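Okay, so here's the structure we're looking at.
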Amino acid sequence: MKNQTVDLPSTKQTDKERIAELLRELTLEEKVRLLTGRDFWTTWPMEKIGLRRMVVSDGPSGVRGEVWDERQPSMNFPSATAISSSWDPGIADRLGAASAVEARRKGVDVVLGPTINLHRSPLGGRHFEAFSEDPVLTAELAAAYVAGVQRNGVGATPKHYVANDAETDRFTVDVRVDERPLRELYLLAFEKAVVESRAWLVMSAYNSINGATATENELLETPLNTEWGFDGVVISDWTAVRSINSANASQDLVMPGPDGPWGSALVLAVKCGTVPEASVDRKVLRILQLAARVGALEGFDPVQAEPVDREDPVAFSREASAAGTVMVKNDGVLPLDPALVGRIAVIGHNALLARTQGGGSATVLPEKIVTPLDGIRAAFGKEKVSYHVGTVVQEGVAELPLEQLTNPVTGGPGLRVRFFASTDKELFAEDRRSTALVWFGGDAPIAESSMVQFHTLYTPEETGTIRLGFATVGHGRIFVNGQLRHEATIVPVGTDLGAAFLAPPSETVPVQVTAGTPIDVRVELDTCNRTGPLSNALSVTIGTEADTSDPEALIIGAAKAAREADVAVVVVGTNSRVESEGYDRTTLDLPGMQDRLVHAVAAANPRTIVIVNSGSPVLMPWRHEVAATLIGYFGGQEFGNALADVLTGRTEPGGRLPTTWPATQGSVPVLNTTPDADGKLRYDEGIHIGYRAWLKTGATPAYEFGYGLGYTTWELGEAKAPPIASPGGDVQMTVSVTNTGNRPGKQVVQVYAEKPGSAVDRPIRWLVASTPVWAEPGETIDAVLTVPTRLLATWDNGWIYEPGDYQLKAGFSVTDLFSAATVVLAP
């Protein structure tokens with residue numbers, strides 16, 4: 001399916017005139033008010049001109065809505081890396097459309113996504129939320145996602161503009177990048193979503209670029225407005241705007257509100273002449289135009305009042321997860337026939353407590369998650385499947401299962417939460433269905449309270465000692481059966497506010513429990529004297545810490561189970577302390593003793609299949625020892641079903657790697673994510689990131705960019721292309737692809753350009769086009785790919801087209817290339 005662009009005009013001339021008339025009705029103070037959010041997630045309404053509030057919400061792999069509440073669940077779609085591994089703009093488009101349907105269901109006007117920063121270093125902690133190390137693949141998928149969202153009448157927000165490719169010191173880092181890589185890599189990733197899909201918003205980043213913060217950077221005007229024709233709203237990342245100087249830049253909307261650096265200071269600046277009122281007017285006009293597009297402005301027809309492109313979101317999530325699953329090894333063990341396979345030993349902490357999404361602001365609360373263990377039991381029969389944890393991956397406390405909780409007030413499942421102004425004055429109470437809770441906005445009077453109490457009856461399933469506790473920031477107490485068992489002040493680790501809030505440390509205490517006997521659990525958190533941008537927000541998890549007292553026994557038990565089984569399926573992966581917003585990784589190793597576990601299981605059973613449950617690359621030192629390896633990423637709420645579909649062969653493993661997976665950390669050509677002592681992160685590698693850098697150094701990764709296996713075999717025919725191309729034009733390339741196997745399958749045809757003897761520094765080869773193809777056994781498909789000659793140009797104060805011969809090589813990965821056509825770029 002091709003990227004479906006849709007004509008989304010600025011607004012008709014008559015509408016522009018009417019919006020200009022509305023602007024003239026506003027006072028300076030009213031105009032300035034519209035430029036800062038009303039609260040965390042909404043903009044200011046203005047009744048006198050018929051403007052309602054607009055609601056924005058985090059994406060991009062689901063839409064949370066205004067409240068982070070398990071009682072209002074969201075679809076949890078696969079991570080961006082899983083979507084990008086499909087190499088299918090049609091999947092990205094459908095994700096956008098499904099996200100817009102979710103947004104409208106939750107009263108949301110704007111989705112804060114897609115995240116389209118590049119995987120410059122594999123240590124980037126937030127890469128699960130972004131697409132790829134390659135700007136062309138990223139741009140294609142981002143444009144498709146934006147088109148899908150906006151076709152259904154909801155605004156999309158490509159983020160984080162620009163060069164926001166790591167999390168370390170993200171608020172203060174100054175990225176130093178030359179103009180050429182900035183244009184050819186980091187801006188190129190954004191361009192198509194703006195120029196072709198006409199994004200209604202763009203989010204400016206926290207970082208500085210070459211000395212100027214993103215919210216005050218000239219890049220907001222050029223190329224975004226002047227060259228790309230962007231006519232939407234530049235919304236800031238939360239708290240990214242820090243000074244009144246940004247009001248003179250092409251920054252339009254400050255989030256969150258109601259406080260911020262603009263407000264009354266901007267009114268005064270206009271009156272004093274340091275900020276022209278025309279600059280304010282331009283920002284307001286763009287916000288009003290966005291309101292007209294999404295249906296928030298009376299008298300204007302929205303682009304789409306109700307979503308017109310709908311499908312079953314659960315079925316789509318399952319399909320998309322399988323489409324992005326990458327099989328990197330298979331010695332013939334897969335697919336498994338449920339009728340023939342014997343006993344299956346499922347091993348691994350992530351098989352039971354799967355990660356379906358990464359940590360941070362992209363996190364949503366799904367109604368139901370299908371774990372790998374769930375999916376395998378459903379596909380093969382519960383009686384055939386045993387489970388063994390093998391090794392503990394979890395860090396900190398995991399929430400208590402709802403089915404083991406009784407609300408002491410209602411008698412139903414869950415807990416009672418009470419907010420107190422003092423020890424005996426209750427301000428507010430609510431009944432919740434989870435012990436992992438976050439408040440951003442909503443009705444809870446967090447800022448007015450001095451203490452919050454959480455109360456439940458917990459019925460354990462096993463007899464023994466558990467470690468019971470809580471994770472939050474601040475001072476708390478835990479009571480068991482009315483007795484104070486532990487009191488502690490939890491101090492955040494690191495300086496990143498978001499990471500401290502969303503992934504705080506834990507405090508636990510040992511508690512002796514008896515299976516089937518409820519214990520009364522009460523946690524109290526002090527909330528007085530809270531300051532800063534999160535003073536009216538709260539995050540807490542009440543739960544248990546995993547038992548790590550005898551790790552060797554767990555591995556020995558798992559190996560024994562594998563030895564007695566026909567097949568062993570080991571699920572390994574990261575945890576919330578490894579891949580999340582707010583911090584980068586320090587190592588590519590799997591956390592804990594997971595590598596030792598796989599070595600032991602593979603030694604016990606040669607028919608060992610490993611499923612990697614991580615959002616971005618990890619090291620796999622056991623990869624040559626196992627029979628098969630599937631990379632499932634963070635597969636969304638249908639992760640387990642999708643894996644079962646692939647394991648049984650019901651569905652083709654449709655993924656190809658959008659990012660290089662290294663064999664060792666030391667071999668990675670571009671690794672650094674840490675600024676120097678002056679706060680500068682220098683992109684000294686220039687245009688050579690990702691596979692480009694691997695090709696330049698000659699190092700061999702574990703699995704190269706574009707790599708992936710399926711359940712059938714393929715043959716690529718002769719590549720055909722016109723012999724001569726013109727600067728600024730397109731080259732239509734055709735290559736035949738034949739399914740030479742005995743079952744239907746999917747392949748991704750990739751085209752890379754080479755310019756031997758170039759007068760300028762270039763990659764050895766670089767991606768210029770790709771397309772997924774599907775074929776029946778014996779069927780031949782003519783894949784037609786469009787190569788814009790702009791992708792052959794280099795930047796030097798403008799796009800420079802070097803004339804001469806270019807090789808366009810087609811194949812199935814960056815190194816697996818079979819067919820080539822020579823194209824001469826005319827002067």
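Chain labels A, B, ... are given in the sequence in which chains occur in the structure tokens; within each chain residues are numbered consecutively from 1, and ligands are likewise numbered from 1 in the order shown.
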Residues near Ala820 (chain A), anyone? I mean within 8 Å using only C-alpha atoms, not counting same-chain ones fewer than 5 positions away, as a compact mmCIF listing (two decimals) with C-alpha atoms, in the first residue's frame.
# COMPACT_ATOMS: atom_id res chain seq x y z
CA GLU A 718 16.99 -7.50 -13.64
CA ALA A 719 16.67 -3.91 -12.50
CA LYS A 720 15.46 -1.52 -15.18
CA GLN A 807 24.56 2.91 -9.53
CA LEU A 808 21.09 2.01 -8.27
CA LYS A 809 21.41 -1.39 -6.64
CA ALA A 810 18.38 -3.48 -5.66
Going by DSSP on the backbone, which bits of region 212-307 of chain A are strand (DSSP E or B)? Write them as a PyMOL selection string, please. chain A and resi 212-213+233-236+253-254+297
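The list of residues with at least one atom within 6 Å of region 681-695 of chain A, based on only C-alpha atoms and without residues fewer than 3 positions apart in the same chain, reads A:Arg120, A:Glu133, A:Val175, A:Arg176, A:Val177, A:Pro181, A:Pro669, A:Pro675, A:Gly698, A:Ala699, A:Pro763.
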Distance query Gly59 (chain A) at most 10 Å, only C-alpha atoms, self and fewer than 3 positions along chain excluded, as number ranges by chain: A: 56, 62-65, 76-77, 99, 103, 110-115, 129, 156-157, 361-364
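Near Tyr703 (chain A), within 9 Å and counting only C-alpha atoms, sit Val328, Leu657, Thr660, Trp661, Pro662, Ala663 and Gly708 of chain A, not including residues fewer than 5 positions from it in the same chain.
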Serialized selection, all heavy atoms, as an mmCIF file, in the first residue's frame:
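The result, stored in again36.cif:
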data_model
loop_
_atom_site.group_PDB
_atom_site.id
_atom_site.type_symbol
_atom_site.label_atom_id
_atom_site.label_comp_id
_atom_site.auth_asym_id
_atom_site.auth_seq_id
_atom_site.Cartn_x
_atom_site.Cartn_y
_atom_site.Cartn_z
ATOM 1 N N VAL A 328 15.551 -13.210 12.393
ATOM 2 C CA VAL A 328 16.947 -13.047 11.987
ATOM 3 C C VAL A 328 17.692 -14.366 11.920
ATOM 4 O O VAL A 328 18.804 -14.424 11.391
ATOM 5 C CB VAL A 328 17.697 -12.056 12.919
ATOM 6 C CG1 VAL A 328 17.146 -10.653 12.771
ATOM 7 C CG2 VAL A 328 17.641 -12.519 14.365
ATOM 8 N N LEU A 657 15.041 -5.265 9.369
ATOM 9 C CA LEU A 657 15.612 -4.355 10.363
ATOM 10 C C LEU A 657 15.721 -2.926 9.841
ATOM 11 O O LEU A 657 16.351 -2.690 8.805
ATOM 12 C CB LEU A 657 16.997 -4.843 10.787
ATOM 13 C CG LEU A 657 17.036 -6.158 11.553
ATOM 14 C CD1 LEU A 657 18.478 -6.532 11.860
ATOM 15 C CD2 LEU A 657 16.224 -6.079 12.843
ATOM 16 N N THR A 660 20.660 -1.077 12.341
ATOM 17 C CA THR A 660 21.697 -2.101 12.447
ATOM 18 C C THR A 660 21.760 -2.649 13.872
ATOM 19 O O THR A 660 21.743 -1.884 14.840
ATOM 20 C CB THR A 660 23.062 -1.502 12.069
ATOM 21 O OG1 THR A 660 22.962 -0.864 10.787
ATOM 22 C CG2 THR A 660 24.127 -2.580 12.021
ATOM 23 N N TRP A 661 21.882 -3.975 13.992
ATOM 24 C CA TRP A 661 22.041 -4.611 15.308
ATOM 25 C C TRP A 661 23.487 -5.082 15.433
ATOM 26 O O TRP A 661 23.938 -5.940 14.685
ATOM 27 C CB TRP A 661 21.072 -5.791 15.457
ATOM 28 C CG TRP A 661 19.677 -5.323 15.769
ATOM 29 C CD1 TRP A 661 18.931 -4.441 15.055
ATOM 30 C CD2 TRP A 661 18.876 -5.715 16.890
ATOM 31 N NE1 TRP A 661 17.708 -4.250 15.656
ATOM 32 C CE2 TRP A 661 17.643 -5.020 16.776
ATOM 33 C CE3 TRP A 661 19.060 -6.587 17.956
ATOM 34 C CZ2 TRP A 661 16.616 -5.172 17.710
ATOM 35 C CZ3 TRP A 661 18.036 -6.733 18.892
ATOM 36 C CH2 TRP A 661 16.833 -6.039 18.769
ATOM 37 N N PRO A 662 24.239 -4.525 16.380
ATOM 38 C CA PRO A 662 25.667 -4.837 16.482
ATOM 39 C C PRO A 662 25.927 -6.177 17.146
ATOM 40 O O PRO A 662 25.092 -6.705 17.900
ATOM 41 C CB PRO A 662 26.203 -3.694 17.338
ATOM 42 C CG PRO A 662 25.040 -3.255 18.152
ATOM 43 C CD PRO A 662 23.821 -3.471 17.306
ATOM 44 N N ALA A 663 27.102 -6.745 16.870
ATOM 45 C CA ALA A 663 27.539 -7.977 17.528
ATOM 46 C C ALA A 663 28.185 -7.674 18.873
ATOM 47 O O ALA A 663 28.045 -8.439 19.829
ATOM 48 C CB ALA A 663 28.517 -8.721 16.632
ATOM 49 N N GLY A 708 16.310 -9.512 7.175
ATOM 50 C CA GLY A 708 15.216 -10.258 7.776
ATOM 51 C C GLY A 708 14.880 -11.468 6.928
ATOM 52 O O GLY A 708 15.044 -11.441 5.703
#
Non-local contacts of Thr410 (chain A) (12 Å; only C-alpha atoms; under 4 positions in same chain excluded) as a PyMOL selection string: chain A and resi 405-406+414-416+430-433+455-457
Taking 3 positions as the minimum chain separation for residues in the same chain, which residues sit within 8 Å of Ile609 (chain A) when counting only C-alpha atoms? Answer as a VMD selection string. chain A and resid 567 to 570 626 to 630
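For the pair CA of Phe634 (chain A) and CA of Gly706 (chain A), the separation is 18.8 Å.
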Return the single residue from A:Arg485, A:Lys382, A:Lys31, A:Arg656 that is closest to Val749 (chain A), with distances computed using only C-alpha atoms. A:Arg656
So how many Å separate CA of Gly360 (chain A) and CA of His127 (chain A), to one decimal? 11.9 Å
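Counting only C-alpha atoms and comparing A:Leu182, A:Val32, A:Val646, A:Leu352, the residue that lies closest to Gly573 (chain A) is A:Leu352.
With distances restricted to only C-alpha atoms, A:Leu588 is the closest residue to Thr664 (chain A) from A:Val610, A:Ala515, A:Leu224, A:Leu588.
In this model, the gap between CA of Gly324 (chain A) and CA of Ser85 (chain A) comes to 4.6 Å.
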Quick one: which region 5-70 of chain A residues come within 6 Å of region 289-312 of chain A, and what is the nearest atom pair for each with the distance in Å to one decimal, counting only C-alpha atoms, rows ordered by chain and ascending number, as CSV?
residue,atom,partner,partner_atom,distance
A:Gly50,CA,A:Glu298,CA,5.0
A:Leu51,CA,A:Leu297,CA,4.7
A:Arg52,CA,A:Ala296,CA,5.4
